[in-house]
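Raw contents of input_19.pdb, PDB, C-alpha atoms:
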```pdb
ATOM      1  CA  MET A   1      83.808  64.705  84.372
ATOM      2  CA  CYS A   2      80.859  66.034  86.356
ATOM      3  CA  THR A   3      80.384  63.853  89.397
ATOM      4  CA  GLY A   4      78.903  64.443  92.819
ATOM      5  CA  ILE A   5      77.754  67.984  93.499
ATOM      6  CA  ALA A   6      79.078  69.179  90.112
ATOM      7  CA  LEU A   7      76.717  66.741  88.383
ATOM      8  CA  SER A   8      73.721  68.130  90.270
ATOM      9  CA  TRP A   9      74.808  71.697  89.351
ATOM     10  CA  TYR A  10      75.100  70.618  85.710
ATOM     11  CA  ASN A  11      71.624  69.117  85.816
ATOM     12  CA  GLN A  12      70.260  72.391  87.273
ATOM     13  CA  TYR A  13      72.064  74.327  84.533
ATOM     14  CA  VAL A  14      70.542  72.113  81.815
ATOM     15  CA  MET A  15      67.054  72.492  83.293
ATOM     16  CA  ASN A  16      67.295  76.296  83.600
ATOM     17  CA  LYS A  17      69.008  77.176  80.285
ATOM     18  CA  PRO A  18      67.413  76.826  76.857
ATOM     19  CA  VAL A  19      69.358  74.595  74.480
ATOM     20  CA  LYS A  20      70.420  77.534  72.285
ATOM     21  CA  GLU A  21      72.082  79.292  75.257
ATOM     22  CA  ARG A  22      73.963  76.248  76.571
ATOM     23  CA  ASN A  23      77.707  76.217  76.011
ATOM     24  CA  ILE A  24      80.825  75.532  78.018
ATOM     25  CA  HIS A  25      81.498  79.222  78.696
ATOM     26  CA  ASN A  26      78.032  79.811  80.177
ATOM     27  CA  PHE A  27      78.336  76.643  82.246
ATOM     28  CA  ILE A  28      81.682  77.806  83.655
ATOM     29  CA  LEU A  29      80.117  81.159  84.574
ATOM     30  CA  TYR A  30      77.260  79.292  86.225
ATOM     31  CA  LEU A  31      79.736  77.116  88.149
ATOM     32  CA  ARG A  32      81.718  80.166  89.232
ATOM     33  CA  LYS A  33      78.612  81.561  90.922
ATOM     34  CA  LYS A  34      78.263  78.287  92.822
ATOM     35  CA  VAL A  35      81.916  77.823  93.751
ATOM     36  CA  VAL A  36      83.278  81.361  94.234
ATOM     37  CA  PRO A  37      81.523  83.240  97.038
ATOM     38  CA  SER A  38      80.040  86.601  96.135
ATOM     39  CA  ILE A  39      82.338  88.296  98.648
ATOM     40  CA  ALA A  40      85.521  86.881  97.075
ATOM     41  CA  ALA A  41      86.243  90.145  95.238
ATOM     42  CA  ASP A  42      85.820  92.081  98.488
ATOM     43  CA  LEU A  43      88.210  89.754 100.286
ATOM     44  CA  ARG A  44      90.814  90.074  97.521
ATOM     45  CA  TRP A  45      90.451  93.876  97.580
ATOM     46  CA  LYS A  46      91.005  93.884 101.347
ATOM     47  CA  GLU A  47      94.176  91.817 100.846
ATOM     48  CA  TRP A  48      95.330  94.375  98.252
ATOM     49  CA  GLU A  49      94.746  97.286 100.592
ATOM     50  CA  GLU A  50      96.793  95.660 103.360
ATOM     51  CA  TYR A  51      99.569  94.366 101.100
ATOM     52  CA  LYS A  52     103.151  95.624 101.340
ATOM     53  CA  HIS A  53     106.652  94.395 100.528
ATOM     54  CA  SER A  54     107.438  93.445 104.124
ATOM     55  CA  LYS A  55     104.639  90.824 104.092
ATOM     56  CA  LEU A  56     106.877  88.700 101.862
ATOM     57  CA  GLY A  57     109.634  88.705 104.483
ATOM     58  CA  PRO A  58     112.707  90.806 105.165
ATOM     59  CA  ASN A  59     114.760  89.300 102.332
ATOM     60  CA  ALA A  60     112.081  89.244  99.635
ATOM     61  CA  SER A  61     113.267  90.438  96.251
ATOM     62  CA  VAL A  62     111.839  93.440  94.454
ATOM     63  CA  ASN A  63     110.895  91.126  91.595
ATOM     64  CA  ASN A  64     108.810  88.874  93.881
ATOM     65  CA  TYR A  65     107.079  91.923  95.321
ATOM     66  CA  ALA A  66     106.358  93.259  91.823
ATOM     67  CA  GLN A  67     104.937  89.890  90.718
ATOM     68  CA  LYS A  68     102.599  89.800  93.706
ATOM     69  CA  CYS A  69     101.431  93.371  92.973
ATOM     70  CA  LEU A  70     100.697  92.354  89.384
ATOM     71  CA  GLU A  71      98.704  89.359  90.639
ATOM     72  CA  PHE A  72      96.479  91.726  92.594
ATOM     73  CA  TYR A  73      96.194  93.972  89.529
ATOM     74  CA  ASN A  74      94.964  91.019  87.460
ATOM     75  CA  ASP A  75      92.810  89.393  90.166
ATOM     76  CA  CYS A  76      90.886  92.371  91.543
ATOM     77  CA  LEU A  77      87.901  92.545  89.220
ATOM     78  CA  ASP A  78      84.463  94.035  89.735
ATOM     79  CA  LYS A  79      81.249  92.122  88.975
ATOM     80  CA  GLN A  80      81.427  93.164  85.311
ATOM     81  CA  GLY A  81      84.962  91.771  85.002
ATOM     82  CA  ASN A  82      86.665  95.186  84.846
ATOM     83  CA  LYS A  83      89.917  95.827  86.684
ATOM     84  CA  MET A  84      89.441  97.539  90.035
ATOM     85  CA  ILE A  85      93.050  98.759  90.146
ATOM     86  CA  ASN A  86      94.380 101.105  87.487
ATOM     87  CA  MET A  87      98.042 101.221  86.453
ATOM     88  CA  HIS A  88      98.770 104.543  88.173
ATOM     89  CA  THR A  89      97.421 103.186  91.463
ATOM     90  CA  LEU A  90      99.507 100.048  91.010
ATOM     91  CA  LYS A  91     102.677 102.094  90.446
ATOM     92  CA  TYR A  92     101.936 104.275  93.469
ATOM     93  CA  LYS A  93     101.271 101.261  95.712
ATOM     94  CA  PHE A  94     104.411  99.526  94.470
ATOM     95  CA  VAL A  95     106.580 102.525  95.375
ATOM     96  CA  ASP A  96     104.777 103.498  98.569
ATOM     97  CA  LYS A  97     104.784 100.025 100.148
ATOM     98  CA  ILE A  98     108.237  98.823  99.101
ATOM     99  CA  LEU A  99     110.806  98.414 101.890
ATOM    100  CA  THR A 100     111.990 101.769 103.262
ATOM    101  CA  PRO A 101     115.704 101.386 102.337
ATOM    102  CA  ILE A 102     114.617 100.941  98.718
ATOM    103  CA  ARG A 103     111.739 103.432  98.731
ATOM    104  CA  VAL A 104     113.666 106.542  99.825
ATOM    105  CA  PRO A 105     116.147 106.640  96.916
ATOM    106  CA  LEU A 106     113.544 105.241  94.517
ATOM    107  CA  LYS A 107     111.178 108.183  95.010
ATOM    108  CA  MET A 108     113.933 110.605  94.019
ATOM    109  CA  GLN A 109     114.840 108.670  90.856
ATOM    110  CA  ILE A 110     111.432 108.112  89.260
ATOM    111  CA  ASN A 111     108.574 110.094  87.806
ATOM    112  CA  TRP A 112     105.009 108.891  87.458
ATOM    113  CA  ASP A 113     105.163 108.939  83.652
ATOM    114  CA  MET A 114     107.514 105.952  83.771
ATOM    115  CA  SER A 115     106.062 102.505  83.156
ATOM    116  CA  LEU A 116     105.836 100.044  86.018
ATOM    117  CA  GLU A 117     108.588  97.971  84.401
ATOM    118  CA  GLU A 118     110.914 100.992  84.356
ATOM    119  CA  ILE A 119     110.163 101.700  88.010
ATOM    120  CA  ILE A 120     110.896  98.074  88.907
ATOM    121  CA  VAL A 121     114.272  98.262  87.127
ATOM    122  CA  VAL A 122     115.197 101.397  89.104
ATOM    123  CA  ALA A 123     114.040  99.740  92.341
ATOM    124  CA  GLU A 124     116.158  96.664  91.625
ATOM    125  CA  LYS A 125     119.201  98.885  91.078
ATOM    126  CA  ASN A 126     118.601 100.471  94.490
ATOM    127  CA  THR A 127     118.573  97.163  96.315
ATOM    128  CA  GLY A 128     121.515  95.794  98.165
ATOM    129  CA  SER A 129     122.587  92.232  97.554
ATOM    130  CA  GLN A 130     120.410  91.097 100.459
ATOM    131  CA  TYR A 131     117.202  91.987  98.541
ATOM    132  CA  THR A 132     117.990  90.525  95.108
TER     133      THR A 132
END
```
The structure given in the file should be rewritten as structure tokens.
Amino acid sequence: MCTGIALSWYNQYVMNKPVKERNIHNFILYLRKKVVPSIAADLRWKEWEEYKHSKLGPNASVNNYAQKCLEFYNDCLDKQGNKMINMHTLKYKFVDKILTPIRVPLKMQINWDMSLEEIIVVAEKNTGSQYT
């Protein structure tokens, strides 16, 4: 399936790796370095920092907002593959950047020992029909 530029990258990989170290996983990691720019993690982190519920539109559901937050949680990885966002930060961001009519009552009904899923359920209960 390697054609064009991918074939030349494969040939470079074969020339630079000893036979014992060649496998599909290492080749995929090698390809990732070629295809994904080194600043991709920085760009994704910047998106995370600027992200809020209102970016999805005025009628976006709490569930859609939560799914997008979880995408950032899973996608923001450092160079060692560790998550850059911890669960407490994710919960705080979810609550702090949700639409104001939902956020005000939500802050009074939750505590930070609750799981994200529990917080989402409370947030969904606080939404009017226009947000669900």
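If you count only C-alpha atoms and ignore residues fewer than 4 places along the chain from Ile24 (chain A), what sits within 12 Å of it is Tyr10, Tyr13, Val14, Ile28, Leu29, Tyr30 and Leu31 of chain A.
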Polymer residues at most 12 Å from Asn86 (chain A), only C-alpha atoms, same-chain spacing of 2 or more positions, as number ranges by chain: A: 69-70, 72-74, 76-77, 82-84, 88-93, 116
Judged by only C-alpha atoms, the minimum distance to Pro101 (chain A) among A:Asp75, A:Glu117, A:Glu124, A:Glu49 is found for A:Glu124
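Between CA of Asn126 (chain A) and CA of Arg103 (chain A) lies a distance of 8.6 Å.
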Could you state which residues are captured by the PyMOL selection byres ((chain A and resi 60-68) around 8) in this file, as an NGL selection string? :A and (53-54 or 56-59 or 69-72 or 94 or 98 or 120 or 123-124 or 127 or 131-132)
For C-alpha atoms, I'd like the residues from the last selection saved as a PDB file, in the coordinates of the input.
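Written out: again30.pdb:
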```pdb
ATOM      1  CA  HIS A  53     106.652  94.395 100.528  1.00  0.00           C
ATOM      2  CA  SER A  54     107.438  93.445 104.124  1.00  0.00           C
ATOM      3  CA  LEU A  56     106.877  88.700 101.862  1.00  0.00           C
ATOM      4  CA  GLY A  57     109.634  88.705 104.483  1.00  0.00           C
ATOM      5  CA  PRO A  58     112.707  90.806 105.165  1.00  0.00           C
ATOM      6  CA  ASN A  59     114.760  89.300 102.332  1.00  0.00           C
ATOM      7  CA  CYS A  69     101.431  93.371  92.973  1.00  0.00           C
ATOM      8  CA  LEU A  70     100.697  92.354  89.384  1.00  0.00           C
ATOM      9  CA  GLU A  71      98.704  89.359  90.639  1.00  0.00           C
ATOM     10  CA  PHE A  72      96.479  91.726  92.594  1.00  0.00           C
ATOM     11  CA  PHE A  94     104.411  99.526  94.470  1.00  0.00           C
ATOM     12  CA  ILE A  98     108.237  98.823  99.101  1.00  0.00           C
ATOM     13  CA  ILE A 120     110.896  98.074  88.907  1.00  0.00           C
ATOM     14  CA  ALA A 123     114.040  99.740  92.341  1.00  0.00           C
ATOM     15  CA  GLU A 124     116.158  96.664  91.625  1.00  0.00           C
ATOM     16  CA  THR A 127     118.573  97.163  96.315  1.00  0.00           C
ATOM     17  CA  TYR A 131     117.202  91.987  98.541  1.00  0.00           C
ATOM     18  CA  THR A 132     117.990  90.525  95.108  1.00  0.00           C
TER      19      THR A 132
END
```
